[in-house]
$ cat input21.pdb   # PDB, C-alpha atoms
ATOM      1  CA  CYS A 127      20.880 -29.685  17.523
ATOM      2  CA  VAL A 128      21.913 -30.884  14.049
ATOM      3  CA  SER A 129      21.160 -29.646  10.557
ATOM      4  CA  ALA A 130      19.105 -32.316   8.797
ATOM      5  CA  ASP A 131      16.256 -34.753   9.408
ATOM      6  CA  ALA A 132      18.365 -37.827   8.715
ATOM      7  CA  GLN A 133      20.942 -36.662  11.250
ATOM      8  CA  VAL A 134      18.274 -36.240  13.930
ATOM      9  CA  LEU A 135      16.993 -39.778  13.375
ATOM     10  CA  ALA A 136      20.539 -41.156  13.325
ATOM     11  CA  MET A 137      21.197 -39.523  16.699
ATOM     12  CA  VAL A 138      17.905 -40.852  18.051
ATOM     13  CA  ASP A 139      18.765 -44.373  16.898
ATOM     14  CA  ALA A 140      22.121 -44.100  18.663
ATOM     15  CA  LEU A 141      20.368 -43.014  21.856
ATOM     16  CA  ALA A 142      17.515 -45.529  21.677
ATOM     17  CA  THR A 143      19.132 -48.192  23.848
ATOM     18  CA  PRO A 144      17.936 -49.844  27.059
ATOM     19  CA  ALA A 145      20.062 -47.362  28.995
ATOM     20  CA  ALA A 146      17.814 -44.545  27.736
ATOM     21  CA  HIS A 147      14.788 -45.884  29.624
ATOM     22  CA  GLY A 148      13.225 -43.040  31.628
ATOM     23  CA  LYS A 149      15.500 -40.395  30.095
ATOM     24  CA  LEU A 150      14.336 -37.242  28.296
ATOM     25  CA  VAL A 151      15.780 -36.309  24.901
ATOM     26  CA  ILE A 152      15.383 -32.716  23.721
ATOM     27  CA  ASP A 153      16.058 -31.765  20.120
ATOM     28  CA  ASP A 154      16.553 -28.098  19.160
ATOM     29  CA  SER A 155      17.136 -28.769  15.458
ATOM     30  CA  THR A 156      14.979 -27.310  12.706
ATOM     31  CA  VAL A 157      13.502 -30.332  10.932
ATOM     32  CA  SER A 158      10.074 -31.542   9.858
ATOM     33  CA  ALA A 159       7.199 -32.234  12.224
ATOM     34  CA  GLU A 160       7.065 -35.767  10.813
ATOM     35  CA  THR A 161      10.690 -36.322  11.826
ATOM     36  CA  ALA A 162       9.924 -35.132  15.349
ATOM     37  CA  ARG A 163       7.018 -37.543  15.655
ATOM     38  CA  GLU A 164       9.149 -40.396  14.309
ATOM     39  CA  ALA A 165      11.917 -39.559  16.788
ATOM     40  CA  ALA A 166       9.422 -39.623  19.650
ATOM     41  CA  ALA A 167       8.053 -42.986  18.496
ATOM     42  CA  ARG A 168      11.514 -44.573  18.248
ATOM     43  CA  LEU A 169      12.487 -43.384  21.705
ATOM     44  CA  LYS A 170       9.194 -44.501  23.207
ATOM     45  CA  LYS A 171      10.020 -48.087  22.219
ATOM     46  CA  VAL A 172      12.862 -48.069  24.762
ATOM     47  CA  GLY A 173      10.928 -46.128  27.391
ATOM     48  CA  ALA A 174      12.559 -42.754  26.693
ATOM     49  CA  ARG A 175      10.743 -39.427  26.284
ATOM     50  CA  PHE A 176      11.190 -36.729  23.670
ATOM     51  CA  LEU A 177      10.608 -33.018  23.107
ATOM     52  CA  ASP A 178      10.973 -31.201  19.811
ATOM     53  CA  ALA A 179      12.098 -27.706  20.796
ATOM     54  CA  PRO A 180      13.348 -25.664  17.826
ATOM     55  CA  VAL A 181      14.440 -22.114  18.567
ATOM     56  CA  SER A 182      14.243 -18.639  17.115
ATOM     57  CA  GLY A 183      16.350 -15.603  17.903
ATOM     58  CA  GLY A 184      19.460 -15.970  15.775
ATOM     59  CA  THR A 185      23.040 -15.922  16.975
ATOM     60  CA  GLU A 186      22.250 -12.829  19.037
ATOM     61  CA  GLY A 187      19.582 -14.705  20.958
ATOM     62  CA  ALA A 188      21.892 -17.642  21.566
ATOM     63  CA  LYS A 189      24.743 -15.425  22.748
ATOM     64  CA  HIS A 190      22.589 -13.504  25.211
ATOM     65  CA  ALA A 191      20.306 -16.375  26.304
ATOM     66  CA  ARG A 192      17.314 -14.706  24.658
ATOM     67  CA  LEU A 193      16.138 -17.579  22.484
ATOM     68  CA  VAL A 194      12.486 -18.493  22.051
ATOM     69  CA  PHE A 195      11.708 -22.219  22.329
ATOM     70  CA  MET A 196       8.766 -23.676  20.402
ATOM     71  CA  VAL A 197       8.057 -26.986  22.101
ATOM     72  CA  GLY A 198       6.125 -30.104  21.174
ATOM     73  CA  GLY A 199       5.604 -32.997  23.586
ATOM     74  CA  ASP A 200       3.965 -33.978  26.859
ATOM     75  CA  ASP A 201       3.153 -31.410  29.546
ATOM     76  CA  ALA A 202       5.135 -33.208  32.232
ATOM     77  CA  ASP A 203       8.248 -33.397  30.060
ATOM     78  CA  VAL A 204       8.046 -29.696  29.237
ATOM     79  CA  ALA A 205       7.839 -28.933  32.967
ATOM     80  CA  THR A 206      10.879 -31.139  33.603
ATOM     81  CA  ALA A 207      12.885 -29.354  30.922
ATOM     82  CA  GLN A 208      11.778 -25.832  31.847
ATOM     83  CA  PRO A 209      14.905 -24.990  33.909
ATOM     84  CA  LEU A 210      17.061 -25.822  30.868
ATOM     85  CA  PHE A 211      14.928 -23.669  28.602
ATOM     86  CA  ASP A 212      15.041 -20.824  31.129
ATOM     87  CA  ALA A 213      18.849 -20.978  31.220
ATOM     88  CA  MET A 214      19.122 -20.597  27.446
ATOM     89  CA  GLY A 215      16.126 -18.529  26.450
ATOM     90  CA  ALA A 216      13.756 -15.700  27.202
ATOM     91  CA  ARG A 217      10.543 -17.559  26.434
ATOM     92  CA  THR A 218       9.248 -21.100  26.132
ATOM     93  CA  VAL A 219       5.885 -21.878  24.535
ATOM     94  CA  HIS A 220       4.387 -25.371  24.620
ATOM     95  CA  LEU A 221       2.455 -25.684  21.374
ATOM     96  CA  GLY A 222       1.040 -29.193  21.696
ATOM     97  CA  PRO A 223       2.030 -32.822  21.110
ATOM     98  CA  HIS A 224       5.164 -34.113  19.412
ATOM     99  CA  GLY A 225       5.755 -32.275  16.143
ATOM    100  CA  ALA A 226       3.926 -29.108  17.173
ATOM    101  CA  GLY A 227       7.178 -27.314  17.933
ATOM    102  CA  GLN A 228       8.582 -28.113  14.509
ATOM    103  CA  ALA A 229       5.302 -27.191  12.805
ATOM    104  CA  THR A 230       5.428 -23.796  14.511
ATOM    105  CA  LYS A 231       9.072 -23.350  13.492
ATOM    106  CA  ALA A 232       7.985 -24.022   9.900
ATOM    107  CA  VAL A 233       5.515 -21.140  10.220
ATOM    108  CA  ASN A 234       8.365 -19.000  11.543
ATOM    109  CA  GLN A 235      10.552 -19.948   8.582
ATOM    110  CA  VAL A 236       7.853 -19.187   6.016
ATOM    111  CA  MET A 237       7.426 -15.722   7.518
ATOM    112  CA  ASN A 238      11.183 -15.184   7.663
ATOM    113  CA  ALA A 239      11.477 -16.207   4.029
ATOM    114  CA  GLY A 240       8.928 -13.614   2.966
ATOM    115  CA  ILE A 241      10.571 -10.908   5.053
ATOM    116  CA  GLU A 242      14.039 -11.715   3.716
ATOM    117  CA  GLN A 243      12.779 -11.671   0.150
ATOM    118  CA  ALA A 244      11.056  -8.334   0.694
ATOM    119  CA  VAL A 245      14.150  -6.775   2.270
ATOM    120  CA  THR A 246      16.507  -7.985  -0.469
ATOM    121  CA  GLU A 247      14.117  -6.787  -3.166
ATOM    122  CA  GLY A 248      13.844  -3.422  -1.456
ATOM    123  CA  MET A 249      17.615  -3.123  -1.181
ATOM    124  CA  ALA A 250      18.034  -4.123  -4.825
ATOM    125  CA  PHE A 251      15.650  -1.290  -5.698
ATOM    126  CA  ALA A 252      17.618   1.119  -3.473
ATOM    127  CA  GLU A 253      20.874   0.119  -5.149
ATOM    128  CA  ALA A 254      19.349   0.572  -8.597
ATOM    129  CA  MET A 255      18.278   4.087  -7.561
ATOM    130  CA  GLY A 256      21.845   4.882  -6.456
ATOM    131  CA  LEU A 257      20.903   5.385  -2.807
ATOM    132  CA  PRO A 258      23.334   5.062   0.147
ATOM    133  CA  LEU A 259      22.413   1.612   1.417
ATOM    134  CA  ASP A 260      23.484   2.021   5.051
ATOM    135  CA  LYS A 261      21.328   5.126   5.371
ATOM    136  CA  VAL A 262      18.414   3.367   3.693
ATOM    137  CA  VAL A 263      18.648   0.575   6.265
ATOM    138  CA  ASP A 264      18.630   3.164   9.087
ATOM    139  CA  VAL A 265      15.617   5.068   7.874
ATOM    140  CA  VAL A 266      13.394   2.164   6.807
ATOM    141  CA  GLY A 267      14.367   0.196   9.898
ATOM    142  CA  SER A 268      12.979   2.932  12.129
ATOM    143  CA  GLY A 269       9.633   3.156  10.343
ATOM    144  CA  ALA A 270       6.729   0.915   9.403
ATOM    145  CA  ALA A 271       9.009  -1.322   7.310
ATOM    146  CA  GLY A 272      11.270  -2.026  10.252
ATOM    147  CA  SER A 273      11.711  -5.618  11.425
ATOM    148  CA  TRP A 274      14.123  -7.869  13.323
ATOM    149  CA  PHE A 275      15.710  -8.821  10.007
ATOM    150  CA  VAL A 276      16.266  -5.221   8.920
ATOM    151  CA  GLN A 277      17.703  -4.265  12.316
ATOM    152  CA  HIS A 278      19.986  -7.275  12.769
ATOM    153  CA  ARG A 279      20.837  -8.276   9.203
ATOM    154  CA  GLY A 280      20.390  -5.211   7.008
ATOM    155  CA  LYS A 281      23.818  -3.584   7.338
ATOM    156  CA  THR A 282      25.736  -6.840   7.547
ATOM    157  CA  MET A 283      23.963  -7.981   4.393
ATOM    158  CA  VAL A 284      24.955  -4.924   2.374
ATOM    159  CA  ARG A 285      28.554  -5.396   3.562
ATOM    160  CA  GLY A 286      28.585  -9.010   2.441
ATOM    161  CA  VAL A 287      28.969 -10.535   5.889
ATOM    162  CA  HIS A 288      25.414 -11.769   6.481
ATOM    163  CA  ARG A 289      25.639 -15.531   6.426
ATOM    164  CA  ALA A 290      22.546 -17.681   6.665
ATOM    165  CA  VAL A 291      21.595 -21.271   6.131
ATOM    166  CA  PHE A 292      18.119 -22.711   5.775
ATOM    167  CA  PRO A 293      18.542 -26.490   5.425
ATOM    168  CA  THR A 294      16.183 -28.516   3.290
ATOM    169  CA  HIS A 295      14.520 -31.378   5.123
ATOM    170  CA  GLY A 296      16.529 -33.837   3.054
ATOM    171  CA  GLY A 297      19.808 -32.204   4.002
ATOM    172  CA  GLY A 298      21.895 -29.573   2.261
ATOM    173  CA  ASN A 299      20.998 -25.965   1.557
ATOM    174  CA  ARG A 300      18.694 -24.261  -0.886
ATOM    175  CA  SER A 301      18.883 -20.987  -2.726
ATOM    176  CA  PRO A 302      16.748 -18.134  -1.392
ATOM    177  CA  ARG A 303      14.936 -18.041  -4.727
ATOM    178  CA  SER A 304      14.374 -21.779  -5.123
ATOM    179  CA  GLY A 305      10.977 -21.894  -3.458
ATOM    180  CA  MET A 306       9.679 -18.583  -4.761
ATOM    181  CA  ASP A 307       7.471 -17.910  -7.740
ATOM    182  CA  ARG A 308       9.284 -15.376  -9.902
ATOM    183  CA  ARG A 309       5.964 -14.383 -11.454
ATOM    184  CA  MET A 310       5.222 -12.535  -8.222
ATOM    185  CA  SER A 311       7.774  -9.915  -9.260
ATOM    186  CA  ILE A 312       6.711  -6.367 -10.041
ATOM    187  CA  PRO A 313       8.286  -4.243 -12.789
ATOM    188  CA  HIS A 314      11.560  -2.593 -11.873
ATOM    189  CA  ALA A 315      11.471   1.190 -11.689
ATOM    190  CA  ARG A 316      14.029   1.452 -14.505
ATOM    191  CA  GLY A 317      14.472  -0.569 -17.640
ATOM    192  CA  GLY A 318      11.499  -2.877 -17.078
ATOM    193  CA  GLU A 319      13.580  -5.506 -15.243
ATOM    194  CA  PRO A 320      11.489  -7.625 -12.847
ATOM    195  CA  LEU A 321      12.278  -6.447  -9.346
ATOM    196  CA  ALA A 322      12.704  -9.986  -8.034
ATOM    197  CA  GLU A 323      15.434 -10.607 -10.609
ATOM    198  CA  GLY A 324      17.211  -7.501  -9.370
ATOM    199  CA  ALA A 325      16.815  -8.782  -5.837
ATOM    200  CA  GLU A 326      18.433 -12.069  -6.780
ATOM    201  CA  LEU A 327      21.430 -10.196  -8.166
ATOM    202  CA  PHE A 328      21.555  -8.121  -4.983
ATOM    203  CA  THR A 329      21.359 -11.222  -2.808
ATOM    204  CA  CYS A 330      24.138 -12.869  -4.765
ATOM    205  CA  LYS A 331      26.298  -9.776  -4.411
ATOM    206  CA  TYR A 332      25.694  -8.945  -0.770
ATOM    207  CA  SER A 333      24.830 -12.211   0.922
ATOM    208  CA  PRO A 334      25.401 -15.913   0.225
ATOM    209  CA  ARG A 335      22.707 -17.680  -1.754
ATOM    210  CA  THR A 336      21.658 -19.713   1.257
ATOM    211  CA  TRP A 337      18.865 -18.915   3.636
ATOM    212  CA  GLY A 338      19.430 -17.728   7.180
ATOM    213  CA  ARG A 339      18.179 -19.624  10.217
ATOM    214  CA  THR A 340      16.740 -17.152  12.640
TER     215      THR A 340
END
$ encode --input "input21.pdb" --output "structure tokens"
Amino acid sequence: CVSADAQVLAMVDALATPAAHGKLVIDDSTVSAETAREAAARLKKVGARFLDAPVSGGTEGAKHARLVFMVGGDDADVATAQPLFDAMGARTVHLGPHGAGQATKAVNQVMNAGIEQAVTEGMAFAEAMGLPLDKVVDVVGSGAAGSWFVQHRGKTMVRGVHRAVFPTHGGGNRSPRSGMDRRMSIPHARGGEPLAEGAELFTCKYSPRTWGRT
């Protein structure tokens, strides 16, 4: 599990030797579906097999062996690797051929991005209204607005200890606002400031300007 597409392919190239014939390589990184398919193709040339198996569940899931594996590859290889997945996670879902696991993780990340934006905008609004942020997290987290992100990241975020990193496929990190259209903002309740701009200030103040892998 590494943090960028180029690193995955570099590792695959290092493994793609005659000694890898018949072996199974499993990658838990979060990279592009295209990279997963390329990795599988490179390994196939030396008779090795490959599974792309990105995970979700955050550090809590990793610590308690409650991760969810999203797997792309051949049925037989998934069956071979199942005991490993069972040891580290709570659920394994085979989504299809090589790249399907990474494509599903991309869906997961898009949804996480929207949730994180909504939560930070909501907390920026709460701060602007002078509300006690810890109590806001408690009450909204127990209602219809509750989510994994609110429950596991809300209070750490307002205390400035939520640290998250969503790598770009080319390597490096991107700002939580970089892929968002600021025109989607709605007017702030006071002073006419766009709410998304207030959320960016909140995010800068309470959490690093990098995305969180969950």
$ resolve_selection --input "input21.pdb" --expression "the PyMOL selection byres ((chain A and resi 218-221) around 9)" --output "PyMOL selection string"
chain A and resi 179+193-201+204+208+211-212+215-217+222-223+226-227+230
$ closest_residue --input "input21.pdb" --among "A:Phe251, A:Ser155, A:Leu257, A:Glu186" --to "Trp274 (chain A)" --atoms "only C-alpha atoms"
A:Glu186
$ residues_near_point --input "input21.pdb" --point "(6.3, -37.9, 16.1)" --cutoff "9 Å" --atoms "all atoms listed in the file" --output "mmCIF file with C-alpha atoms, in the coordinates of the input"
data_model
loop_
_atom_site.group_PDB
_atom_site.id
_atom_site.type_symbol
_atom_site.label_atom_id
_atom_site.label_comp_id
_atom_site.auth_asym_id
_atom_site.auth_seq_id
_atom_site.Cartn_x
_atom_site.Cartn_y
_atom_site.Cartn_z
ATOM 1 C CA ALA A 159 7.199 -32.234 12.224
ATOM 2 C CA GLU A 160 7.065 -35.767 10.813
ATOM 3 C CA THR A 161 10.690 -36.322 11.826
ATOM 4 C CA ALA A 162 9.924 -35.132 15.349
ATOM 5 C CA ARG A 163 7.018 -37.543 15.655
ATOM 6 C CA GLU A 164 9.149 -40.396 14.309
ATOM 7 C CA ALA A 165 11.917 -39.559 16.788
ATOM 8 C CA ALA A 166 9.422 -39.623 19.650
ATOM 9 C CA ALA A 167 8.053 -42.986 18.496
ATOM 10 C CA ARG A 168 11.514 -44.573 18.248
ATOM 11 C CA ASP A 178 10.973 -31.201 19.811
ATOM 12 C CA GLY A 199 5.604 -32.997 23.586
ATOM 13 C CA PRO A 223 2.030 -32.822 21.110
ATOM 14 C CA HIS A 224 5.164 -34.113 19.412
ATOM 15 C CA GLY A 225 5.755 -32.275 16.143
#
$ closest_residue --input "input21.pdb" --among "A:Val276, A:Val284, A:Val157, A:Val134" --to "Asn238 (chain A)" --atoms "all atoms listed in the file"
A:Val276
$ closest_residue --input "input21.pdb" --among "A:Ala136, A:Cys127, A:Ala142, A:Ala188" --to "Gly173 (chain A)" --atoms "all atoms listed in the file"
A:Ala142
$ residues_around --input "input21.pdb" --residues "Ala145 (chain A)" --least-positions-apart "5" --cutoff "12 Å" --atoms "only C-alpha atoms" --output "ChimeraX atom specification"
/A:140,150,169,172-174
$ residues_around --input "input21.pdb" --residues "region 260-269 of chain A" --least-positions-apart "5" --cutoff "12 Å" --atoms "all atoms listed in the file" --output "PyMOL selection string"
chain A and resi 245-246+248-253+255+274-285
$ atom_distance --input "input21.pdb" --atom1 "CA of Asp154 (chain A)" --atom2 "CA of Gln228 (chain A)"
9.2 Å
$ atom_distance --input "input21.pdb" --atom1 "CA of Ala130 (chain A)" --atom2 "CA of Ser158 (chain A)"
9.1 Å
$ atom_distance --input "input21.pdb" --atom1 "CA of Ala202 (chain A)" --atom2 "CA of Val138 (chain A)"
20.6 Å
$ closest_residue --input "input21.pdb" --among "A:Ala132, A:Leu141, A:Ala254, A:Phe176" --to "Asp153 (chain A)" --atoms "only C-alpha atoms"
A:Phe176
$ build_atoms --input "input21.pdb" --residues "region 210-232 of chain A" --atoms "N, CA, C and O atoms" --output "PDB file, in the coordinates of the input"
ATOM      1  N   LEU A 210      16.096 -25.886  31.970  1.00  0.00           N
ATOM      2  CA  LEU A 210      17.061 -25.822  30.868  1.00  0.00           C
ATOM      3  C   LEU A 210      16.671 -24.740  29.871  1.00  0.00           C
ATOM      4  O   LEU A 210      17.517 -23.964  29.421  1.00  0.00           O
ATOM      5  N   PHE A 211      15.392 -24.702  29.531  1.00  0.00           N
ATOM      6  CA  PHE A 211      14.928 -23.669  28.602  1.00  0.00           C
ATOM      7  C   PHE A 211      15.148 -22.272  29.188  1.00  0.00           C
ATOM      8  O   PHE A 211      15.550 -21.343  28.486  1.00  0.00           O
ATOM      9  N   ASP A 212      14.877 -22.132  30.486  1.00  0.00           N
ATOM     10  CA  ASP A 212      15.041 -20.824  31.129  1.00  0.00           C
ATOM     11  C   ASP A 212      16.500 -20.370  31.110  1.00  0.00           C
ATOM     12  O   ASP A 212      16.780 -19.170  31.024  1.00  0.00           O
ATOM     13  N   ALA A 213      17.422 -21.326  31.205  1.00  0.00           N
ATOM     14  CA  ALA A 213      18.849 -20.978  31.220  1.00  0.00           C
ATOM     15  C   ALA A 213      19.329 -20.495  29.861  1.00  0.00           C
ATOM     16  O   ALA A 213      20.289 -19.722  29.770  1.00  0.00           O
ATOM     17  N   MET A 214      18.667 -20.925  28.801  1.00  0.00           N
ATOM     18  CA  MET A 214      19.122 -20.597  27.446  1.00  0.00           C
ATOM     19  C   MET A 214      18.247 -19.581  26.725  1.00  0.00           C
ATOM     20  O   MET A 214      18.673 -19.001  25.717  1.00  0.00           O
ATOM     21  N   GLY A 215      17.044 -19.359  27.208  1.00  0.00           N
ATOM     22  CA  GLY A 215      16.126 -18.529  26.450  1.00  0.00           C
ATOM     23  C   GLY A 215      15.334 -17.555  27.283  1.00  0.00           C
ATOM     24  O   GLY A 215      15.354 -17.572  28.514  1.00  0.00           O
ATOM     25  N   ALA A 216      14.603 -16.700  26.557  1.00  0.00           N
ATOM     26  CA  ALA A 216      13.756 -15.700  27.202  1.00  0.00           C
ATOM     27  C   ALA A 216      12.315 -16.159  27.297  1.00  0.00           C
ATOM     28  O   ALA A 216      11.542 -15.646  28.108  1.00  0.00           O
ATOM     29  N   ARG A 217      11.943 -17.132  26.449  1.00  0.00           N
ATOM     30  CA  ARG A 217      10.543 -17.559  26.434  1.00  0.00           C
ATOM     31  C   ARG A 217      10.444 -18.993  25.946  1.00  0.00           C
ATOM     32  O   ARG A 217      11.165 -19.398  25.039  1.00  0.00           O
ATOM     33  N   THR A 218       9.551 -19.736  26.558  1.00  0.00           N
ATOM     34  CA  THR A 218       9.248 -21.100  26.132  1.00  0.00           C
ATOM     35  C   THR A 218       7.747 -21.211  25.952  1.00  0.00           C
ATOM     36  O   THR A 218       6.976 -20.843  26.851  1.00  0.00           O
ATOM     37  N   VAL A 219       7.308 -21.704  24.797  1.00  0.00           N
ATOM     38  CA  VAL A 219       5.885 -21.878  24.535  1.00  0.00           C
ATOM     39  C   VAL A 219       5.636 -23.336  24.160  1.00  0.00           C
ATOM     40  O   VAL A 219       6.227 -23.854  23.217  1.00  0.00           O
ATOM     41  N   HIS A 220       4.768 -23.992  24.912  1.00  0.00           N
ATOM     42  CA  HIS A 220       4.387 -25.371  24.620  1.00  0.00           C
ATOM     43  C   HIS A 220       3.215 -25.325  23.650  1.00  0.00           C
ATOM     44  O   HIS A 220       2.121 -24.888  23.999  1.00  0.00           O
ATOM     45  N   LEU A 221       3.444 -25.800  22.434  1.00  0.00           N
ATOM     46  CA  LEU A 221       2.455 -25.684  21.374  1.00  0.00           C
ATOM     47  C   LEU A 221       1.528 -26.875  21.251  1.00  0.00           C
ATOM     48  O   LEU A 221       0.490 -26.784  20.585  1.00  0.00           O
ATOM     49  N   GLY A 222       1.887 -28.021  21.843  1.00  0.00           N
ATOM     50  CA  GLY A 222       1.040 -29.193  21.696  1.00  0.00           C
ATOM     51  C   GLY A 222       1.858 -30.468  21.705  1.00  0.00           C
ATOM     52  O   GLY A 222       2.962 -30.507  22.257  1.00  0.00           O
ATOM     53  N   PRO A 223       1.343 -31.529  21.087  1.00  0.00           N
ATOM     54  CA  PRO A 223       2.030 -32.822  21.110  1.00  0.00           C
ATOM     55  C   PRO A 223       3.272 -32.832  20.241  1.00  0.00           C
ATOM     56  O   PRO A 223       3.616 -31.823  19.607  1.00  0.00           O
ATOM     57  N   HIS A 224       3.948 -33.981  20.211  1.00  0.00           N
ATOM     58  CA  HIS A 224       5.164 -34.113  19.412  1.00  0.00           C
ATOM     59  C   HIS A 224       4.928 -33.637  17.977  1.00  0.00           C
ATOM     60  O   HIS A 224       3.932 -33.979  17.353  1.00  0.00           O
ATOM     61  N   GLY A 225       5.861 -32.838  17.488  1.00  0.00           N
ATOM     62  CA  GLY A 225       5.755 -32.275  16.143  1.00  0.00           C
ATOM     63  C   GLY A 225       5.214 -30.867  16.113  1.00  0.00           C
ATOM     64  O   GLY A 225       5.433 -30.134  15.134  1.00  0.00           O
ATOM     65  N   ALA A 226       4.519 -30.445  17.168  1.00  0.00           N
ATOM     66  CA  ALA A 226       3.926 -29.108  17.173  1.00  0.00           C
ATOM     67  C   ALA A 226       4.988 -28.021  17.222  1.00  0.00           C
ATOM     68  O   ALA A 226       4.815 -26.937  16.640  1.00  0.00           O
ATOM     69  N   GLY A 227       6.090 -28.298  17.911  1.00  0.00           N
ATOM     70  CA  GLY A 227       7.178 -27.314  17.933  1.00  0.00           C
ATOM     71  C   GLY A 227       7.767 -27.114  16.555  1.00  0.00           C
ATOM     72  O   GLY A 227       7.969 -25.969  16.107  1.00  0.00           O
ATOM     73  N   GLN A 228       8.016 -28.217  15.854  1.00  0.00           N
ATOM     74  CA  GLN A 228       8.582 -28.113  14.509  1.00  0.00           C
ATOM     75  C   GLN A 228       7.582 -27.506  13.527  1.00  0.00           C
ATOM     76  O   GLN A 228       7.983 -26.756  12.619  1.00  0.00           O
ATOM     77  N   ALA A 229       6.301 -27.798  13.683  1.00  0.00           N
ATOM     78  CA  ALA A 229       5.302 -27.191  12.805  1.00  0.00           C
ATOM     79  C   ALA A 229       5.272 -25.678  12.992  1.00  0.00           C
ATOM     80  O   ALA A 229       5.164 -24.908  12.026  1.00  0.00           O
ATOM     81  N   THR A 230       5.400 -25.240  14.247  1.00  0.00           N
ATOM     82  CA  THR A 230       5.428 -23.796  14.511  1.00  0.00           C
ATOM     83  C   THR A 230       6.701 -23.174  13.957  1.00  0.00           C
ATOM     84  O   THR A 230       6.666 -22.052  13.418  1.00  0.00           O
ATOM     85  N   LYS A 231       7.827 -23.874  14.062  1.00  0.00           N
ATOM     86  CA  LYS A 231       9.072 -23.350  13.492  1.00  0.00           C
ATOM     87  C   LYS A 231       8.948 -23.222  11.983  1.00  0.00           C
ATOM     88  O   LYS A 231       9.493 -22.290  11.382  1.00  0.00           O
ATOM     89  N   ALA A 232       8.205 -24.136  11.335  1.00  0.00           N
ATOM     90  CA  ALA A 232       7.985 -24.022   9.900  1.00  0.00           C
ATOM     91  C   ALA A 232       7.222 -22.739   9.564  1.00  0.00           C
ATOM     92  O   ALA A 232       7.516 -22.061   8.577  1.00  0.00           O
TER      93      ALA A 232
END
